[in-house]
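**Q** Got a structure for you, written out below as structure tokens; questions coming shortly.
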Amino acid sequence: MIFSVRRILVLALCAGSVLTGCGTEAAPGARRPSTTVSPAPDPPPGPPVMAPGPGGLTPVLTHGRRDAGRTVALTFDADMTADQGARAAAGERFDNPELIAALRELKVPATVFMTGRWAEQYPDQARSIGRDPLFEVANHSYSHHAFTADCYGLPTVAPERMRSDAERATRAFDAVGVRNQVPYFRFPGGCHDERALRALAPTGATAVQWDVVSGDAFATDAGAVAHQVLDGVRPGSVVVLHCTRSAAPTTERVVRDVVPELRGRGYRFVKVSELIGQHPAAAGGPVAGR
């Protein structure tokens with residue numbers, strides 16, 4: 001009886017099965033179900049970053065390759081210190097919409113290193129810059145407090161708050177709708193040491209410095225600033241300028257003078273992400289936390 005029940009069950013299973021493993025042949029021309037599973041598409045790669053430095057420290061880019069053609073990256077620091085809200089309320093302008101308009105008019109791609117406090121003060125401008133494919137927005141900290149002591153008189157951020165200060169800037173960008181964010185960080189004043197590089201390492205960002213100091217901060221002679229930029233640019237250069245009207249009133253004029261001259265010399269303007277993508281230490285793919 002046990003044998004008969006088992007036989008009935010086996011026959012029933014074979015009759016309902018489309019497989020041929022029960023000892024019967026599939027009907028001629030019968031289609032077998034496909035067992036092939038299409039692989040899930042790979043996620044789009046994130047902006048390029050550099051591989052970690054020695055000991056896992058945050059890597060630092062000063063300039064791009066010198067042998068990859070005449071490229072130059074104009075970068076603009078949108079500075080605003082966390083405690084400057086009262087000055088902004090009193091009418092001081094930490095933005096420079098005319099500069100951004102000039103870059104658009106001249107069709108110059110650029111990387112804007114923005115503080116979180118600046119994005120909060122000028123949300124419409126931050127969103128406009130951060131959604132324009134001509135630009136990419138990178139992190140310049142939230143507070144614009146220095147990551148080392150004795151950095152141009154800036155207030156300092158405590159070591160245990162360095163990472164959270166940078167992450168707070170990212171949250172500010174997200175809150176106002178900045179889309180074209182890239183995982184690059186510029187230290188306020190450019191000041192950093194091993195402790196600061198170690199503090200930011202978990203974010204996976206690449207620190208971006210420069211090899212051409214424009215001298216536009218607090219300058220009043222646009223011609224002198226333009227001359228300094230033109231004299232310093234080399235293939236792969238990163239030029240530091242500012243997007244703060246009160247602290248760098250000549251920058252729009254400098255850009256209008258420098259751009260046609262450099263184009264006449266055969267230079268092509270690129271974003272920092274392109275320079276990093278060409279770097280021997282580049283490592284593509286998404287970055288932790290983004």
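Going by the structure tokens order, chains are called A, B, ..., each with residues numbered from 1, while ligands are numbered from 1 in the order shown.
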Which neighbours of Thr58 (chain A) fall inside 9 Å, counting only C-alpha atoms, when residues of the same chain fewer than 2 positions from it are skipped, and could you give them as a VMD selection string?
**A** chain A and resid 50 to 54 56 60 194 196 to 207
**Q** Name the residues of region 148-248 of chain A that fall into alpha helix (DSSP H) according to DSSP on the backbone, using the chain letters and numbers of this document, as a ChimeraX atom specification.
**A** /A:162-176,194-200,222-232
**Q** For Ser141 (chain A), please output as a VMD selection string all residues within 12 Å (counting only C-alpha atoms; exclusion window: fewer than 3 positions along the same chain).
**A** chain A and resid 77 to 82 113 to 119 137 to 138 144 to 147 156 to 157 161 to 173 184 to 190 200 207
**Q** Please provide as number ranges by chain all residues within 12 Å of Asp67 (chain A), with the sequence filter that same-chain residues fewer than 6 positions apart are discarded (counting only C-alpha atoms).
**A** A: 234-237, 275, 278-280
**Q** Using only C-alpha atoms, which of the listed residues (A:Ala283, A:Ala88, A:Val208, A:Val108) sits closest to Val259 (chain A)?
**A** A:Val108
**Q** So that I can check the secondary structure, give me every residue of region 45-270 of chain A assigned strand (DSSP E) by backbone DSSP, as an MDAnalysis selection string.
**A** chainID A and resid 49:50 60:61 71:78 110:114 135:139 181:185 206:208 212:213 237:242 268:269
